[in-house]
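Here is run_20.cif, consisting of mmCIF, C-alpha atoms and all ligand atoms:
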data_entry
#
loop_
_atom_site.label_atom_id
_atom_site.label_comp_id
_atom_site.auth_asym_id
_atom_site.auth_seq_id
_atom_site.Cartn_x
_atom_site.Cartn_y
_atom_site.Cartn_z
CA MET Y 25 103.84 -12.48 -25.05
CA ASP Y 26 106.31 -10.39 -27.06
CA THR Y 27 104.99 -7.94 -29.63
CA ALA Y 28 105.72 -10.14 -32.66
CA SER Y 29 103.88 -13.11 -31.11
CA PHE Y 30 100.99 -10.85 -30.12
CA ILE Y 31 100.62 -9.45 -33.67
CA ARG Y 32 100.97 -12.91 -35.19
CA ALA Y 33 98.21 -14.24 -32.91
CA LEU Y 34 95.77 -11.48 -33.93
CA PRO Y 35 93.60 -12.61 -36.87
CA LYS Y 36 94.31 -10.14 -39.66
CA ALA Y 37 93.33 -9.40 -43.24
CA GLU Y 38 95.74 -8.33 -45.94
CA LEU Y 39 93.96 -6.05 -48.41
CA HIS Y 40 96.77 -4.41 -50.35
CA LEU Y 41 99.04 -7.03 -51.85
CA HIS Y 42 100.08 -7.31 -55.48
CA ILE Y 43 100.70 -10.97 -56.17
CA GLU Y 44 103.34 -10.07 -58.78
CA GLY Y 45 105.07 -8.14 -55.97
CA THR Y 46 105.63 -11.34 -53.98
CA LEU Y 47 108.13 -12.67 -56.54
CA GLU Y 48 111.28 -13.17 -54.46
CA PRO Y 49 114.61 -13.02 -56.35
CA GLU Y 50 115.20 -16.74 -55.70
CA MET Y 51 111.93 -17.65 -57.41
CA MET Y 52 112.65 -15.11 -60.17
CA PHE Y 53 115.85 -17.03 -61.01
CA GLU Y 54 114.17 -20.43 -60.70
CA LEU Y 55 111.37 -19.46 -63.09
CA ALA Y 56 113.75 -17.71 -65.51
CA GLU Y 57 115.68 -20.94 -65.78
CA ARG Y 58 112.56 -23.11 -66.02
CA ASN Y 59 111.18 -20.93 -68.83
CA GLY Y 60 114.38 -19.95 -70.62
CA VAL Y 61 113.87 -16.24 -69.92
CA ASP Y 62 116.97 -14.00 -69.89
CA LEU Y 63 117.39 -11.84 -66.78
CA PRO Y 64 119.51 -8.68 -66.73
CA PHE Y 65 121.00 -9.88 -63.41
CA ALA Y 66 123.77 -12.41 -62.77
CA THR Y 67 122.93 -13.33 -59.16
CA VAL Y 68 120.21 -13.06 -56.52
CA ASP Y 69 122.38 -10.48 -54.74
CA ASP Y 70 122.51 -8.36 -57.91
CA VAL Y 71 118.72 -8.39 -57.99
CA ARG Y 72 118.44 -7.30 -54.36
CA ALA Y 73 121.04 -4.57 -54.99
CA ALA Y 74 118.83 -3.20 -57.78
CA TYR Y 75 115.97 -2.67 -55.29
CA GLU Y 76 116.97 0.91 -54.49
CA PHE Y 77 114.07 3.05 -55.60
CA SER Y 78 113.73 6.82 -55.91
CA ASP Y 79 109.97 6.87 -56.54
CA LEU Y 80 107.04 4.74 -57.72
CA GLN Y 81 108.11 4.67 -61.38
CA SER Y 82 111.66 3.51 -60.63
CA PHE Y 83 110.10 0.54 -58.81
CA LEU Y 84 107.50 -0.20 -61.50
CA ASP Y 85 110.22 -0.49 -64.18
CA ILE Y 86 111.86 -3.35 -62.25
CA TYR Y 87 108.57 -4.89 -61.12
CA TYR Y 88 107.22 -5.27 -64.68
CA GLN Y 89 110.58 -6.66 -65.81
CA GLY Y 90 110.51 -9.27 -63.01
CA ALA Y 91 106.99 -10.39 -63.96
CA ALA Y 92 108.32 -11.52 -67.36
CA VAL Y 93 109.51 -14.80 -65.81
CA LEU Y 94 105.89 -15.81 -65.10
CA VAL Y 95 104.82 -17.93 -68.06
CA THR Y 96 102.98 -21.15 -67.25
CA GLU Y 97 99.91 -21.95 -65.15
CA GLN Y 98 102.24 -23.69 -62.67
CA ASP Y 99 104.31 -20.47 -62.30
CA PHE Y 100 101.22 -18.52 -61.25
CA TYR Y 101 100.19 -21.38 -58.97
CA ASP Y 102 103.59 -21.45 -57.27
CA LEU Y 103 103.66 -17.67 -56.80
CA MET Y 104 100.23 -17.64 -55.16
CA PHE Y 105 100.71 -20.78 -53.07
CA VAL Y 106 104.01 -19.59 -51.58
CA TYR Y 107 102.53 -16.17 -50.75
CA LEU Y 108 99.50 -17.71 -49.01
CA GLU Y 109 101.74 -20.01 -46.97
CA ARG Y 110 103.83 -17.00 -45.91
CA ALA Y 111 100.76 -14.91 -45.10
CA ALA Y 112 99.14 -17.69 -43.06
CA ALA Y 113 102.37 -17.95 -41.02
CA ASP Y 114 101.99 -14.23 -40.17
CA GLY Y 115 98.43 -14.78 -38.90
CA VAL Y 116 96.68 -13.53 -42.04
CA ARG Y 117 93.27 -15.20 -42.16
CA ARG Y 118 91.85 -13.36 -45.13
CA ALA Y 119 93.61 -11.93 -48.20
CA GLU Y 120 92.04 -9.88 -50.99
CA ILE Y 121 94.79 -10.02 -53.57
CA PHE Y 122 95.56 -7.76 -56.52
CA PHE Y 123 96.70 -9.11 -59.86
CA ASP Y 124 97.68 -7.15 -62.99
CA PRO Y 125 96.27 -9.02 -66.02
CA GLN Y 126 97.58 -6.48 -68.53
CA THR Y 127 101.16 -7.18 -67.44
CA HIS Y 128 100.59 -10.74 -68.67
CA THR Y 129 98.19 -10.34 -71.61
CA GLU Y 130 100.60 -7.80 -73.13
CA ARG Y 131 103.17 -10.64 -73.24
CA GLY Y 132 100.71 -13.04 -74.88
CA ILE Y 133 99.80 -14.87 -71.66
CA GLY Y 134 96.03 -15.17 -71.44
CA PHE Y 135 93.45 -15.23 -68.66
CA PRO Y 136 93.12 -19.06 -68.60
CA VAL Y 137 96.84 -19.41 -67.72
CA PHE Y 138 97.01 -17.08 -64.71
CA MET Y 139 93.42 -17.46 -63.51
CA ASP Y 140 93.64 -21.26 -63.36
CA GLY Y 141 97.00 -21.05 -61.55
CA PHE Y 142 95.81 -18.46 -59.03
CA THR Y 143 92.48 -20.11 -58.25
CA ARG Y 144 93.93 -23.61 -57.91
CA ALA Y 145 96.49 -22.26 -55.40
CA ILE Y 146 93.80 -20.35 -53.49
CA ASP Y 147 91.68 -23.49 -53.20
CA ASP Y 148 94.64 -25.63 -52.10
CA ALA Y 149 95.79 -23.03 -49.55
CA ARG Y 150 92.32 -22.87 -48.03
CA ASP Y 151 92.33 -26.67 -47.62
CA ARG Y 152 95.87 -26.69 -46.25
CA TRP Y 153 95.98 -23.67 -43.88
CA GLY Y 154 92.37 -22.49 -43.64
CA ILE Y 155 93.28 -19.11 -45.13
CA SER Y 156 90.52 -17.41 -47.13
CA ALA Y 157 91.51 -15.50 -50.27
CA ASP Y 158 89.91 -13.80 -53.25
CA LEU Y 159 91.19 -11.87 -56.26
CA ILE Y 160 90.92 -8.20 -57.25
CA LEU Y 161 91.66 -7.40 -60.89
CA CYS Y 162 93.70 -4.19 -61.24
CA PHE Y 163 93.64 -2.04 -64.36
CA LEU Y 164 96.97 -0.43 -65.28
CA ARG Y 165 96.37 3.32 -65.16
CA HIS Y 166 99.29 4.27 -67.43
CA LEU Y 167 97.34 2.57 -70.26
CA PRO Y 168 94.19 3.95 -71.95
CA GLY Y 169 90.67 3.57 -70.58
CA GLU Y 170 89.78 1.47 -73.66
CA ALA Y 171 92.50 -1.05 -72.71
CA ALA Y 172 90.87 -1.41 -69.28
CA ILE Y 173 87.47 -2.02 -70.91
CA GLU Y 174 89.00 -4.63 -73.23
CA THR Y 175 90.64 -6.29 -70.19
CA TRP Y 176 87.27 -6.36 -68.43
CA HIS Y 177 85.69 -8.15 -71.41
CA GLN Y 178 88.48 -10.75 -71.31
CA ALA Y 179 87.84 -11.23 -67.59
CA VAL Y 180 84.08 -11.79 -67.85
CA PRO Y 181 84.28 -15.63 -68.17
CA TYR Y 182 86.26 -15.61 -64.87
CA ALA Y 183 84.14 -13.01 -63.07
CA ASP Y 184 82.86 -15.56 -60.54
CA ARG Y 185 86.44 -15.91 -59.25
CA ILE Y 186 87.07 -12.16 -59.00
CA ILE Y 187 85.56 -10.11 -56.17
CA GLY Y 188 86.56 -6.63 -57.24
CA VAL Y 189 88.43 -4.29 -59.54
CA GLY Y 190 91.26 -1.93 -58.65
CA LEU Y 191 93.56 0.60 -60.28
CA ASP Y 192 97.35 0.63 -60.03
CA SER Y 193 100.64 1.59 -61.75
CA GLY Y 194 102.00 5.13 -62.23
CA GLU Y 195 99.63 7.53 -60.50
CA VAL Y 196 100.73 11.09 -61.24
CA GLY Y 197 99.24 12.31 -64.52
CA ASN Y 198 96.84 9.33 -64.62
CA PRO Y 199 93.74 10.44 -62.68
CA PRO Y 200 90.93 7.94 -62.05
CA GLU Y 201 88.23 9.46 -64.27
CA ARG Y 202 89.51 7.75 -67.46
CA PHE Y 203 88.49 4.37 -65.97
CA ALA Y 204 84.88 5.21 -65.12
CA GLU Y 205 83.44 3.01 -67.88
CA ALA Y 206 85.52 -0.06 -66.99
CA TYR Y 207 84.46 0.32 -63.34
CA ARG Y 208 80.82 0.75 -64.37
CA LEU Y 209 80.91 -2.54 -66.31
CA ALA Y 210 82.52 -4.37 -63.38
CA GLY Y 211 80.05 -2.81 -60.94
CA ASP Y 212 77.11 -3.90 -63.11
CA ALA Y 213 78.50 -7.46 -62.88
CA GLY Y 214 78.36 -7.21 -59.07
CA LEU Y 215 82.05 -6.63 -58.36
CA HIS Y 216 83.44 -4.41 -55.62
CA ALA Y 217 85.56 -1.36 -56.41
CA VAL Y 218 88.83 -0.18 -54.86
CA ALA Y 219 91.56 2.09 -56.28
CA HIS Y 220 95.09 3.23 -55.55
CA ALA Y 221 94.91 6.96 -54.91
CA GLY Y 222 96.89 9.52 -52.97
CA GLU Y 223 100.14 7.53 -52.90
CA GLU Y 224 102.05 10.12 -54.96
CA GLY Y 225 98.97 11.80 -56.45
CA PRO Y 226 96.94 14.63 -54.89
CA PRO Y 227 93.81 14.41 -52.70
CA ALA Y 228 91.73 15.19 -55.81
CA TYR Y 229 92.57 11.69 -57.10
CA ILE Y 230 91.15 10.19 -53.88
CA ILE Y 231 87.98 12.22 -54.31
CA GLY Y 232 87.80 11.16 -57.98
CA ALA Y 233 88.22 7.49 -57.02
CA LEU Y 234 85.37 7.76 -54.51
CA ASP Y 235 82.97 9.84 -56.58
CA THR Y 236 83.69 8.72 -60.15
CA LEU Y 237 84.73 5.09 -59.68
CA GLY Y 238 82.66 4.31 -56.59
CA ALA Y 239 85.74 3.05 -54.74
CA GLU Y 240 84.81 1.39 -51.43
CA ARG Y 241 88.41 1.42 -50.17
CA ILE Y 242 91.35 3.62 -51.04
CA ASP Y 243 94.74 1.94 -51.50
CA HIS Y 244 97.47 4.02 -49.81
CA GLY Y 245 95.58 7.33 -49.49
CA VAL Y 246 98.37 8.84 -47.40
CA ARG Y 247 98.07 12.21 -49.15
CA CYS Y 248 94.54 12.73 -47.84
CA SER Y 249 96.29 14.63 -45.05
CA ASP Y 250 96.76 17.55 -47.46
CA ASP Y 251 92.97 18.06 -47.40
CA PRO Y 252 91.47 18.21 -43.87
CA GLU Y 253 87.89 18.11 -45.21
CA LEU Y 254 88.69 14.88 -47.04
CA VAL Y 255 90.13 13.37 -43.85
CA GLU Y 256 86.85 14.20 -42.09
CA ARG Y 257 84.87 12.60 -44.91
CA LEU Y 258 86.99 9.41 -44.83
CA ALA Y 259 86.51 9.15 -41.06
CA ALA Y 260 82.76 9.93 -41.13
CA ASP Y 261 82.06 7.48 -43.97
CA ARG Y 262 84.35 4.76 -42.56
CA ILE Y 263 86.21 4.50 -45.87
CA PRO Y 264 89.19 2.18 -45.32
CA LEU Y 265 92.72 3.21 -46.29
CA THR Y 266 94.97 0.24 -47.05
CA MET Y 267 98.34 1.61 -45.96
CA CYS Y 268 101.74 0.05 -46.64
CA PRO Y 269 104.41 1.57 -44.37
CA LEU Y 270 107.54 -0.19 -45.69
CA SER Y 271 106.49 0.52 -49.28
CA ASN Y 272 106.06 4.21 -48.51
CA VAL Y 273 109.62 4.51 -47.24
CA LYS Y 274 111.12 2.40 -50.05
CA LEU Y 275 109.37 4.57 -52.67
CA ARG Y 276 110.24 7.78 -50.79
CA VAL Y 277 106.65 8.82 -50.08
CA PHE Y 278 107.99 9.43 -46.56
CA ASP Y 279 111.70 9.80 -45.82
CA ARG Y 280 111.46 7.84 -42.59
CA LEU Y 281 108.86 5.57 -40.97
CA GLU Y 282 108.82 8.02 -38.05
CA ASP Y 283 107.32 10.61 -40.42
CA HIS Y 284 104.40 8.36 -41.43
CA ASN Y 285 100.88 9.75 -40.90
CA LEU Y 286 99.25 6.39 -40.02
CA LYS Y 287 98.94 7.10 -36.29
CA ASP Y 288 97.68 10.63 -36.85
CA LEU Y 289 94.94 9.35 -39.17
CA LEU Y 290 94.09 6.53 -36.75
CA ASP Y 291 93.68 9.10 -33.98
CA ARG Y 292 91.44 11.16 -36.24
CA GLY Y 293 89.10 8.20 -36.65
CA VAL Y 294 90.11 7.06 -40.13
CA LEU Y 295 89.79 3.31 -40.71
CA VAL Y 296 93.44 2.65 -41.52
CA THR Y 297 94.87 -0.82 -42.15
CA ILE Y 298 98.41 -2.22 -42.49
CA ASN Y 299 99.48 -4.17 -45.55
CA SER Y 300 102.63 -5.15 -47.43
CA ASP Y 301 102.01 -3.98 -51.07
CA ASP Y 302 104.95 -5.68 -52.85
CA PRO Y 303 106.76 -7.48 -50.03
CA ALA Y 304 109.49 -9.11 -52.15
CA TYR Y 305 110.59 -5.63 -53.27
CA PHE Y 306 109.97 -3.57 -50.13
CA GLY Y 307 111.63 -5.70 -47.49
CA GLY Y 308 108.84 -7.32 -45.52
CA TYR Y 309 105.52 -9.13 -45.33
CA VAL Y 310 102.57 -8.05 -43.24
CA LEU Y 311 103.98 -8.90 -39.80
CA SER Y 312 107.17 -6.94 -40.58
CA ASN Y 313 105.05 -3.95 -41.59
CA TYR Y 314 103.11 -4.07 -38.29
CA LEU Y 315 106.32 -4.43 -36.27
CA ALA Y 316 108.20 -1.66 -38.09
CA ILE Y 317 105.42 0.91 -37.84
CA ALA Y 318 104.62 -0.05 -34.23
CA GLU Y 319 108.23 0.62 -33.31
CA ALA Y 320 108.55 3.84 -35.35
CA LEU Y 321 105.29 5.40 -34.13
CA ASP Y 322 105.25 3.90 -30.66
CA LEU Y 323 101.96 2.06 -31.17
CA ASN Y 324 100.57 0.32 -28.10
CA ARG Y 325 98.63 -2.96 -27.93
CA ASP Y 326 95.27 -1.19 -28.15
CA ASP Y 327 96.43 0.43 -31.41
CA LEU Y 328 97.52 -2.97 -32.75
CA VAL Y 329 94.16 -4.51 -31.85
CA THR Y 330 92.37 -1.59 -33.55
CA LEU Y 331 94.48 -2.09 -36.69
CA ALA Y 332 93.70 -5.82 -36.79
CA ARG Y 333 89.98 -5.10 -36.23
CA ASN Y 334 90.07 -2.46 -38.97
CA SER Y 335 91.59 -4.94 -41.40
CA ILE Y 336 88.70 -7.37 -40.83
CA GLU Y 337 86.04 -4.65 -40.99
CA ALA Y 338 87.51 -3.40 -44.28
CA THR Y 339 87.23 -6.81 -46.00
CA PHE Y 340 84.49 -7.82 -48.42
CA LEU Y 341 83.57 -10.77 -46.18
CA THR Y 342 79.97 -11.22 -45.02
CA ALA Y 343 78.84 -9.74 -41.69
CA PRO Y 344 78.81 -13.15 -39.93
CA GLU Y 345 82.31 -13.95 -41.23
CA LYS Y 346 83.59 -10.61 -39.95
CA ALA Y 347 81.86 -11.12 -36.59
CA GLY Y 348 83.60 -14.49 -36.16
CA LEU Y 349 87.07 -13.06 -36.80
CA LEU Y 350 86.42 -9.97 -34.65
CA ALA Y 351 85.40 -12.22 -31.76
CA GLU Y 352 88.69 -14.10 -32.17
CA ILE Y 353 90.58 -10.81 -32.05
CA ASP Y 354 88.77 -9.85 -28.84
CA ALA Y 355 89.76 -13.19 -27.31
CA VAL Y 356 93.44 -12.64 -28.18
CA ALA Y 357 93.28 -9.05 -26.87
CA ALA Y 358 91.72 -10.20 -23.59
CA GLY Y 359 94.35 -12.91 -23.15
CA GLY Y 360 97.31 -10.86 -24.29
N1 LIG Y 401 101.38 1.68 -56.53
C1 LIG Y 401 100.98 1.65 -57.80
N2 LIG Y 401 101.10 0.58 -58.56
C2 LIG Y 401 101.62 -0.53 -58.04
C3 LIG Y 401 102.05 -0.56 -56.73
C4 LIG Y 401 101.92 0.60 -55.93
O1 LIG Y 401 102.26 0.66 -54.75
N3 LIG Y 401 102.53 -1.82 -56.52
C5 LIG Y 401 102.37 -2.50 -57.67
N4 LIG Y 401 101.82 -1.72 -58.60
ZN ZN Y 402 99.88 -1.11 -54.30
#
Using structure tokens, write down the structure from this file.
Amino acid sequence: MDTASFIRALPKAELHLHIEGTLEPEMMFELAERNGVDLPFATVDDVRAAYEFSDLQSFLDIYYQGAAVLVTEQDFYDLMFVYLERAAADGVRRAEIFFDPQTHTERGIGFPVFMDGFTRAIDDARDRWGISADLILCFLRHLPGEAAIETWHQAVPYADRIIGVGLDSGEVGNPPERFAEAYRLAGDAGLHAVAHAGEEGPPAYIIGALDTLGAERIDHGVRCSDDPELVERLAADRIPLTMCPLSNVKLRVFDRLEDHNLKDLLDRGVLVTINSDDPAYFGGYVLSNYLAIAEALDLNRDDLVTLARNSIEATFLTAPEKAGLLAEIDAVAAGG
């Protein structure tokens, strides 16, 4: 079996995926037309040409602009359904998917519109391809803590369709502590907690996410390497890092994939996972991320099996659900 077929056959979870980041330029144009939204681009090629980023903020400016074409419940349905089809084709069996409600509520599009679209697509995709998916509500960290609390209150009627809360958007200058109250409210309602930290920000933001927000996983976390004690803590406590190799190169966190610290952290016992972040913008879905990093860091099949196992262990599935998928991974590993 070639490497791509081997990776595809391994049951995997995708744990760091922004649904708004799966908006391909073709769909952006389709929805702009359907909804009468003006785009600052003339063609799909112009859009792709604009995807040259110098850092996180230069990406976010385009990403929030793109999301403006999402208007109706059907738009959110289509976005989610197409992503889940794509993920299932890559061998993703479980997806825990970020969405950014404030990007939509700020434009006057309310929770009923996107939640009904997302959940209907998730239910249909489960029936169609057997893929399991749940939603993680992300607070935008460039906005005030009070805005996150207000967003949480708007989300409460939909809390049974949301498994966790997260934190995204511009990191530097926006440490996690401001969001402690919003996380406390979500935690009291029984939701899980994750947070982006240590993508561009310092190790202190990872520590803040763990200790102040109660984050159970850290999204990105690549900058933990600047603090060896933190790396030891992450390994000892089995705190997952949801890494996104192609994103890190596109946003210049690393100059080249060959410089990525994923393998070093794996060797140091950190529970690292591979994910696609915003695949429409960063040039590849989950299988492409596995393939690119495997090639760049010379990962062998044992490493790939460990990464697939890590992704399942890092999910919020129940122990029996995890055991079932891990057994399937072992069967593929034994046969491959
Ligand atoms: N980092 C922070 N915010 C984001 C990202 C990211 O990688 N993708 C979408 N919003
Ligand atoms: Zn992200």
For ligand LIG 401 (chain Y), return the neighbouring residues as an MDAnalysis selection string (distance at most 6 Å; all atoms listed in the file). chainID Y and resid 42 192:194 301:302
Would you pick out the contacts of Ala33 in chain Y at 9 Å or less, using only C-alpha atoms, so that residues sharing its chain but fewer than 4 positions from it are not included, and give the list as a list of chain:residue names?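 Close residues of Ala33 in chain Y: Y:Ala28, Y:Ser29, Y:Asp114, Y:Gly115, Y:Ile353, Y:Val356.
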At a cut-off of 9 Å, can you tabulate as a tab-separated table every residue of chain Y near ligand ZN 402 (chain Y) together with its closest atom pair and the distance in Å to one decimal, using only C-alpha atoms and all ligand atoms and ordering rows by chain then number?
residue	atom	partner	partner_atom	distance
Y:His40	CA	Y:ZN402	ZN	6.0
Y:Leu41	CA	Y:ZN402	ZN	6.5
Y:His42	CA	Y:ZN402	ZN	6.3
Y:Gly45	CA	Y:ZN402	ZN	8.9
Y:Phe122	CA	Y:ZN402	ZN	8.2
Y:Leu191	CA	Y:ZN402	ZN	8.9
Y:Asp192	CA	Y:ZN402	ZN	6.5
Y:Ser193	CA	Y:ZN402	ZN	8.0
Y:His220	CA	Y:ZN402	ZN	6.6
Y:Glu223	CA	Y:ZN402	ZN	8.8
Y:Asp243	CA	Y:ZN402	ZN	6.6
Y:His244	CA	Y:ZN402	ZN	7.2
Y:Thr266	CA	Y:ZN402	ZN	8.9
Y:Met267	CA	Y:ZN402	ZN	8.9
Y:Cys268	CA	Y:ZN402	ZN	8.0
Y:Ser271	CA	Y:ZN402	ZN	8.5
Y:Ser300	CA	Y:ZN402	ZN	8.4
Y:Asp301	CA	Y:ZN402	ZN	4.8
Y:Asp302	CA	Y:ZN402	ZN	7.0
Mind dumping the selected residues with C-alpha atoms as a PDB file, keeping the file's coordinate frame?
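For reference, again-v2.pdb as written:
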ATOM      1  CA  HIS Y  40      96.770  -4.410 -50.350  1.00  0.00           C
ATOM      2  CA  LEU Y  41      99.040  -7.030 -51.850  1.00  0.00           C
ATOM      3  CA  HIS Y  42     100.080  -7.310 -55.480  1.00  0.00           C
ATOM      4  CA  GLY Y  45     105.070  -8.140 -55.970  1.00  0.00           C
ATOM      5  CA  PHE Y 122      95.560  -7.760 -56.520  1.00  0.00           C
ATOM      6  CA  LEU Y 191      93.560   0.600 -60.280  1.00  0.00           C
ATOM      7  CA  ASP Y 192      97.350   0.630 -60.030  1.00  0.00           C
ATOM      8  CA  SER Y 193     100.640   1.590 -61.750  1.00  0.00           C
ATOM      9  CA  HIS Y 220      95.090   3.230 -55.550  1.00  0.00           C
ATOM     10  CA  GLU Y 223     100.140   7.530 -52.900  1.00  0.00           C
ATOM     11  CA  ASP Y 243      94.740   1.940 -51.500  1.00  0.00           C
ATOM     12  CA  HIS Y 244      97.470   4.020 -49.810  1.00  0.00           C
ATOM     13  CA  THR Y 266      94.970   0.240 -47.050  1.00  0.00           C
ATOM     14  CA  MET Y 267      98.340   1.610 -45.960  1.00  0.00           C
ATOM     15  CA  CYS Y 268     101.740   0.050 -46.640  1.00  0.00           C
ATOM     16  CA  SER Y 271     106.490   0.520 -49.280  1.00  0.00           C
ATOM     17  CA  SER Y 300     102.630  -5.150 -47.430  1.00  0.00           C
ATOM     18  CA  ASP Y 301     102.010  -3.980 -51.070  1.00  0.00           C
ATOM     19  CA  ASP Y 302     104.950  -5.680 -52.850  1.00  0.00           C
TER      20      ASP Y 302
END
Which residues are close to Leu350 in chain Y, i.e. within 12 Å by all atoms listed in the file, leaving aside same-chain residues fewer than 5 positions away? Reply as a PyMOL selection string. chain Y and resi 34-37+117+329-339+341+343-345+355-357
With distances taken over only C-alpha atoms, which residue among Y:Ala172, Y:Val246, Y:Ala239, Y:Leu349 lies nearest Leu209 in chain Y?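 Of Y:Ala172, Y:Val246, Y:Ala239, Y:Leu349, the one nearest Leu209 in chain Y, counting only C-alpha atoms, is Y:Ala172.
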CA of Leu164 in chain Y to CA of Glu195 in chain Y: how many Å, to one decimal? 9.7 Å
Proximity to Asp124 in chain Y - best of Y:Leu215, Y:Leu328, Y:Val189, Y:Ala149, all atoms listed in the file: Y:Val189
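Straight-line separation from CA of Ile155 in chain Y to CA of Glu120 in chain Y: 11.0 Å.
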Would you compute the distance between CA of Val61 in chain Y and CA of Tyr309 in chain Y? Give it in Å to one decimal.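 CA of Tyr309 in chain Y lies at a distance of 26.9 Å from CA of Val61 in chain Y.
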Among the residues Y:Ile133, Y:Ala318, Y:Ala204, Y:Leu39, the one that comes closest to Arg118 in chain Y [using all atoms listed in the file]: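 When distances to Arg118 in chain Y are compared using all atoms listed in the file, the smallest one comes from Y:Leu39.
Distance annotation: of Y:Arg144, Y:Arg247, Y:Arg262, Y:Arg150, the residue with the minimal separation from Asp99 in chain Y is Y:Arg144; atom set is only C-alpha atoms.
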In terms of the shortest atom-to-atom distance over only C-alpha atoms, which of Y:Arg208, Y:Arg202, Y:Arg152, Y:Arg32 is closest to Trp176 in chain Y?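 Counting only C-alpha atoms, the residue closest to Trp176 in chain Y is Y:Arg208.
Using all atoms listed in the file, the smallest distance between any of Y:Leu254, Y:Cys162, Y:Ile298, Y:Ile187 and Asn272 in chain Y comes from Y:Ile298.
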Might you pull out every residue within 10 Å of Leu103 in chain Y, with all atoms listed in the file counted and same-chain residues fewer than 2 positions away left off, and present them as a ChimeraX atom specification? /Y:43-48,51-52,94,98-101,105-108,141-142,145
Mind checking which residues fall within 10 Å of Asn198 in chain Y, counting only C-alpha atoms, ignoring those fewer than 5 positions away in the same chain, and posting them as a PyMOL selection string? chain Y and resi 164-168+192-193+203+225+229
Please tell me which residues are no farther than 10 Å from (92.0, -19.2, -69.0) in the file, counting all atoms listed in the file, and write them as a PyMOL selection string. chain Y and resi 97+133-141+178-179+181-182
Step by step: start from the point (100.6, -6.9, -35.3) in the file's coordinates, keep every protein, DNA or RNA residue that has an atom no farther than 6 Å from it, count only C-alpha atoms, and write the set as a compact mmCIF listing (two decimals) with C-alpha atoms, keeping the file's coordinate frame.
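Below you can see result.txt, which holds the result:
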# COMPACT_ATOMS: atom_id res chain seq x y z
CA ILE Y 31 100.62 -9.45 -33.67
CA LEU Y 311 103.98 -8.90 -39.80
CA TYR Y 314 103.11 -4.07 -38.29
CA LEU Y 328 97.52 -2.97 -32.75
Using all atoms listed in the file, determine which residues lie at most 12 Å from Lys274 in chain Y, disregarding the query and same-chain residues fewer than 3 positions distant; provide the list as a list in words. Tyr75, Glu76, Phe77, Ser78, Asp79, Leu80, Gln81, Ser82, Phe83, Cys268, Pro269, Leu270, Ser271, Val277, Phe278, Asp279, Arg280, Leu281, Ser300, Asp301, Asp302, Pro303, Ala304, Tyr305, Phe306, Gly307 and Gly308 of chain Y
